[in-house]
Amino acid sequence: MNKKRIVILSVILIIFLIIISFSYFVLQKKKSPIKDLALLNNAEIISILKTNKDIKTYTQKYPDFKIATKEILAKNDIINGQNGQSLQPLYYGLELEDNRYMKVQLMDSAGSNGFFGIIDAKDSSVTKAFGILLFQTSANLIQSNKTVTAP
């Protein structure tokens, strides 16, 4: 009876260790560094961006979105962004490293709702994510003092 218990406990322990090992390797692979941001295709970029809950919600709300721009940031781009007029919060907290971050802008087909995301190549994560809402108005409406509403 004791030998039977030892065998059962050993099997359970081995199965537990296999599950732990498998989970560790799956999680490790998911957060592996990106060797070259320039080699990422749009599907891979979107897959990484969707790990952020806000961007995932945006892509579900606007399934017609597309990647409007993508830019690999250099030190000077980060410094200029931190000192710039717009989107400063997008650049705050980023390390001053060349080619570590990619700034991606998603835009819906109407061009009125978008999202910016910063991908960190060090751990394949989304460091920053900010939504944007663009208001489009006609010069004639503004000059005639008519009410302008958001789309």
# chains A, B, ... in the order shown; residues from 1 in each chain; ligands from 1
$ residues_around --residues "Leu73 of chain A" --least-positions-apart "6" --cutoff "6 Å" --atoms "only C-alpha atoms" --output "PDB file with C-alpha atoms, in the first residue's frame"
ATOM      1  CA  ASN A  99      15.068  51.692 -31.826  1.00  0.00           C
ATOM      2  CA  TYR A 101      10.000  51.826 -29.141  1.00  0.00           C
ATOM      3  CA  MET A 102       7.541  51.948 -32.021  1.00  0.00           C
TER       4      MET A 102
END
$ residues_around --residues "Gly114 of chain A" --least-positions-apart "5" --cutoff "7 Å" --atoms "only C-alpha atoms" --output "list in words"
Gln105, Leu106, Met107, Asp108, Gly131, Ile132 and Leu133 of chain A
$ select_by_dssp --residues "segment 13-72 of chain A" --states "strand (DSSP E or B)" --output "list in words"
Lys66, Ile67, Ala68, Thr69, Lys70, Glu71 and Ile72 of chain A
$ closest_residue --among "A:Ile79, A:Leu17, A:Val126, A:Val104" --to "Tyr92 of chain A" --atoms "only C-alpha atoms"
A:Ile79
$ residues_around --residues "Leu90 of chain A" --least-positions-apart "5" --cutoff "10 Å" --atoms "only C-alpha atoms" --output "PyMOL selection string"
chain A and resi 78+81-82+103+116-118+127-130
$ write_last_selection --atoms "N, CA and C atoms" --output "PDB file, in the first residue's frame"
ATOM      1  N   ILE A  78      12.094  60.863 -29.006  1.00  0.00           N
ATOM      2  CA  ILE A  78      11.530  60.820 -27.653  1.00  0.00           C
ATOM      3  C   ILE A  78      11.705  62.169 -26.970  1.00  0.00           C
ATOM      4  N   GLY A  81       9.383  64.639 -28.551  1.00  0.00           N
ATOM      5  CA  GLY A  81       8.013  64.351 -28.133  1.00  0.00           C
ATOM      6  C   GLY A  81       7.740  64.831 -26.718  1.00  0.00           C
ATOM      7  N   GLN A  82       8.721  64.664 -25.821  1.00  0.00           N
ATOM      8  CA  GLN A  82       8.555  65.120 -24.444  1.00  0.00           C
ATOM      9  C   GLN A  82       8.500  66.637 -24.351  1.00  0.00           C
ATOM     10  N   LYS A 103       6.030  53.824 -32.262  1.00  0.00           N
ATOM     11  CA  LYS A 103       4.781  54.560 -32.078  1.00  0.00           C
ATOM     12  C   LYS A 103       3.863  54.174 -33.239  1.00  0.00           C
ATOM     13  N   PHE A 116      -3.290  55.940 -30.263  1.00  0.00           N
ATOM     14  CA  PHE A 116      -1.837  55.842 -30.340  1.00  0.00           C
ATOM     15  C   PHE A 116      -1.384  54.786 -29.341  1.00  0.00           C
ATOM     16  N   GLY A 117      -0.434  54.000 -29.753  1.00  0.00           N
ATOM     17  CA  GLY A 117       0.152  53.029 -28.846  1.00  0.00           C
ATOM     18  C   GLY A 117       1.661  53.024 -29.015  1.00  0.00           C
ATOM     19  N   ILE A 118       2.366  52.783 -27.924  1.00  0.00           N
ATOM     20  CA  ILE A 118       3.822  52.665 -27.956  1.00  0.00           C
ATOM     21  C   ILE A 118       4.169  51.217 -27.632  1.00  0.00           C
ATOM     22  N   THR A 127       3.539  50.028 -23.911  1.00  0.00           N
ATOM     23  CA  THR A 127       3.940  50.899 -22.815  1.00  0.00           C
ATOM     24  C   THR A 127       2.940  52.014 -22.572  1.00  0.00           C
ATOM     25  N   LYS A 128       2.439  52.589 -23.634  1.00  0.00           N
ATOM     26  CA  LYS A 128       1.495  53.705 -23.539  1.00  0.00           C
ATOM     27  C   LYS A 128       0.385  53.490 -24.553  1.00  0.00           C
ATOM     28  N   ALA A 129      -0.814  53.979 -24.241  1.00  0.00           N
ATOM     29  CA  ALA A 129      -1.937  53.929 -25.168  1.00  0.00           C
ATOM     30  C   ALA A 129      -2.847  55.128 -24.893  1.00  0.00           C
ATOM     31  N   PHE A 130      -3.143  55.891 -25.930  1.00  0.00           N
ATOM     32  CA  PHE A 130      -3.990  57.069 -25.804  1.00  0.00           C
ATOM     33  C   PHE A 130      -4.952  57.135 -26.975  1.00  0.00           C
TER      34      PHE A 130
END
$ select_by_dssp --residues "chain A" --states "alpha helix (DSSP H)" --output "PyMOL selection string"
chain A and resi 2-30+42-49+53-61+75-83+88-91+139-143
$ residues_around --residues "segment 35-40 of chain A" --least-positions-apart "2" --cutoff "8 Å" --atoms "only C-alpha atoms" --output "list in words"
Pro33, Asn42, Glu44, Ile45, Ile72, Asn99, Arg100, Tyr101, Met102 and Ala121 of chain A
$ write_last_selection --atoms "C-alpha atoms" --output "mmCIF file, in the first residue's frame"
data_model
loop_
_atom_site.group_PDB
_atom_site.id
_atom_site.type_symbol
_atom_site.label_atom_id
_atom_site.label_comp_id
_atom_site.auth_asym_id
_atom_site.auth_seq_id
_atom_site.Cartn_x
_atom_site.Cartn_y
_atom_site.Cartn_z
ATOM 1 C CA PRO A 33 12.087 40.752 -26.784
ATOM 2 C CA ASN A 42 0.906 44.779 -39.453
ATOM 3 C CA GLU A 44 2.033 41.204 -35.502
ATOM 4 C CA ILE A 45 1.822 44.888 -34.540
ATOM 5 C CA ILE A 72 10.406 53.535 -34.779
ATOM 6 C CA ASN A 99 15.068 51.692 -31.826
ATOM 7 C CA ARG A 100 13.490 50.378 -28.623
ATOM 8 C CA TYR A 101 10.000 51.826 -29.141
ATOM 9 C CA MET A 102 7.541 51.948 -32.021
ATOM 10 C CA ALA A 121 10.671 45.945 -28.060
#
$ atom_distance --atom1 "atom CA of Gln85 of chain A" --atom2 "atom CA of Ile119 of chain A"
21.7 Å
$ residues_around --residues "Lys53 of chain A" --least-positions-apart "2" --cutoff "12 Å" --atoms "only C-alpha atoms" --output "PDB file with C-alpha atoms, in the first residue's frame"
ATOM      1  CA  SER A  47      -1.552  41.445 -32.062  1.00  0.00           C
ATOM      2  CA  ILE A  48       0.852  43.168 -29.665  1.00  0.00           C
ATOM      3  CA  LEU A  49      -1.331  46.282 -29.434  1.00  0.00           C
ATOM      4  CA  LYS A  50      -4.390  44.193 -28.554  1.00  0.00           C
ATOM      5  CA  THR A  51      -2.650  43.051 -25.358  1.00  0.00           C
ATOM      6  CA  ILE A  55      -6.686  49.299 -27.609  1.00  0.00           C
ATOM      7  CA  LYS A  56      -8.506  45.960 -27.682  1.00  0.00           C
ATOM      8  CA  THR A  57     -11.760  47.763 -26.827  1.00  0.00           C
ATOM      9  CA  TYR A  58     -11.045  50.339 -29.547  1.00  0.00           C
ATOM     10  CA  THR A  59     -10.455  47.641 -32.194  1.00  0.00           C
ATOM     11  CA  GLN A  60     -13.712  45.949 -31.220  1.00  0.00           C
ATOM     12  CA  GLY A 117       0.152  53.029 -28.846  1.00  0.00           C
ATOM     13  CA  SER A 125       4.450  45.106 -24.440  1.00  0.00           C
ATOM     14  CA  VAL A 126       2.346  48.214 -24.959  1.00  0.00           C
ATOM     15  CA  LYS A 128       1.495  53.705 -23.539  1.00  0.00           C
ATOM     16  CA  ALA A 129      -1.937  53.929 -25.168  1.00  0.00           C
ATOM     17  CA  PHE A 130      -3.990  57.069 -25.804  1.00  0.00           C
TER      18      PHE A 130
END
$ atom_distance --atom1 "atom CA of Asp54 of chain A" --atom2 "atom CA of Ser86 of chain A"
20.4 Å
$ atom_distance --atom1 "atom CA of Ser124 of chain A" --atom2 "atom CA of Pro63 of chain A"
23.0 Å
$ closest_residue --among "A:Leu94, A:Val7, A:Asn2, A:Tyr24" --to "Asp77 of chain A" --atoms "only C-alpha atoms"
A:Leu94
